[in-house]
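Heads up: the structure comes next, in structure tokens.
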Amino acid sequence: MEYTLKIGNSIGLWIACLPLLAIIIAQAALIYQRAKKASALVGITPEKASGAFRAGMVAAFGPSFGSVISIISMSAIMGAPVTWSRTSIIAAASTELRASQYTAEAAGVVLGGEGFTVQIFCACLFVMALNGCGWLLFCLLFTDKMTLITNKVSKGSTVMMSIIATAAVLGTIMYMSSGYVKTAVTGGGAANMAAWLFAAIGGFAFSKAAKKAPKLKQWSFGLSMLVGMIGGLACQYLSA
């Protein structure tokens, strides 16, 4: 394993992964420039565009904490170059870790344990790439067609579109949090339930406060996640 990890952190692998990282950075810069131009075309003021950008950055902090932990864990097993390049594409280190784990188990070894050879390491890289191809292919073929689908569903109504978007966000949040809430019901997950409840209460409180302080609205989502994390940690500490 020590030799495999040495290969995983080698200069050669960094050189192989850097072009991909450069492409991701270039794409992010291009998307930002096009979004800035598009905002002017649809009549969004620079102040509103900047506010939306800040709100997105704050909202990204919460989910990023979990990804950082997964990235650290993955770096200890697969090396930093592979971890940064794969998470730049998929942005889900936990998914990449599962793909690597299944590959190692299929080879009859423990991921990062005894017998994790360079050959199995390369097989993990192949499975991770294969696992991400489906998502990338879907984005390539259907992203530009999503506007047609949304227009057909909403029938051109901006009110209906806002309702659909709100329902989609609520559905996503509930789906992603249901597993953590379930652990509280089955036992041993009181901190998860506390984090969920504190985040919900914080979101409600911030949305009410935003009516008097409109600038708070763009920060409410990120702040509610922060309240949830603090509440969950406090519950875990008190119950320890």
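Letters for chains follow the order of the structure tokens (A, B, ...), residue numbers begin at 1 for each chain, and ligand numbers begin at 1 in the order shown.
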
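Near segment 98-103 of chain A, within 8 Å and counting only C-alpha atoms, sit Ser94, Thr95, Glu96, Glu105, Ala106, Ala107, Val110, Leu111, Ile120, Ala123, Cys124, Leu125, Val127, Met128 and Asn131 of chain A; same-chain residues fewer than 2 positions away were not included.
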
Original post:
If we count only C-alpha atoms, what is near Ala200 of chain A at a cut-off of 9 Å, once residues fewer than 3 positions away on the same chain are taken out, given as a list in words?
Top reply: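 Neighbouring residues, sequence-local ones excluded: Ala195, Trp196, Leu197, Gly203, Phe204, Ala205, Ser224, Met225 and Gly228 of chain A.
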
Original post:
Which residue gives the smallest distance to Ser85 of chain A among A:Ala35, A:Met174, A:Ile25, A:Ala191, with only C-alpha atoms counted?
Top reply: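 Closest residue, counting only C-alpha atoms: A:Ile25.
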
Subject >> Computed interatomic separation between atom CA of Val181 of chain A and atom CA of Phe221 of chain A (Å) >> reply: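 Interatomic distance, atom CA of Val181 of chain A to atom CA of Phe221 of chain A: 19.4 Å.
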
Original post:
atom CA of Cys122 of chain A and atom CA of Met78 of chain A, how far apart in Å?
Top reply: 10.0 Å

Give me, as a tab-separated table, each residue of segment 21-99 of chain A that comes within 7 Å of segment 4-17 of chain A, together with its shortest interatomic pair and the distance in Å at one decimal, counting only C-alpha atoms, with rows ordered by chain and rising residue number.
```
residue	atom	partner	partner_atom	distance
A:Leu21	CA	A:Cys17	CA	6.6
A:Ile77	CA	A:Leu5	CA	6.7
A:Met78	CA	A:Gly8	CA	5.8
A:Gly79	CA	A:Gly8	CA	4.5
A:Ala80	CA	A:Asn9	CA	6.0
A:Pro81	CA	A:Trp14	CA	5.2
A:Val82	CA	A:Cys17	CA	6.9
A:Ser85	CA	A:Cys17	CA	6.0
```

Subject >> Polymer residues at most 8 Å from Arg54 of chain A, only C-alpha atoms, same-chain spacing of 3 or more positions, as number ranges by chain >> reply: A: 50-51, 57-58, 218-219

Save the residues we just selected, C-alpha atoms, as a compact mmCIF listing (two decimals), in the first residue's frame?
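To be explicit, this is the file written out as part-v3.txt:
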```
# COMPACT_ATOMS: atom_id res chain seq x y z
CA SER A 50 -23.61 40.18 -7.37
CA GLY A 51 -26.11 39.37 -4.62
CA MET A 57 -21.09 31.10 -2.49
CA VAL A 58 -22.53 31.11 1.03
CA GLN A 218 -29.31 36.03 0.12
CA TRP A 219 -27.51 34.73 3.22
```

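Across the model, the gap from atom CA of Leu226 of chain A to atom CA of Phe198 of chain A is 9.2 Å.
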
**OP:** Using DSSP on the backbone, list every residue of segment 78-183 of chain A that comes out as alpha helix (DSSP H), and give them as number ranges by chain.
**Re:** A: 78, 80-90, 93-106, 118-142, 146-154, 158-183
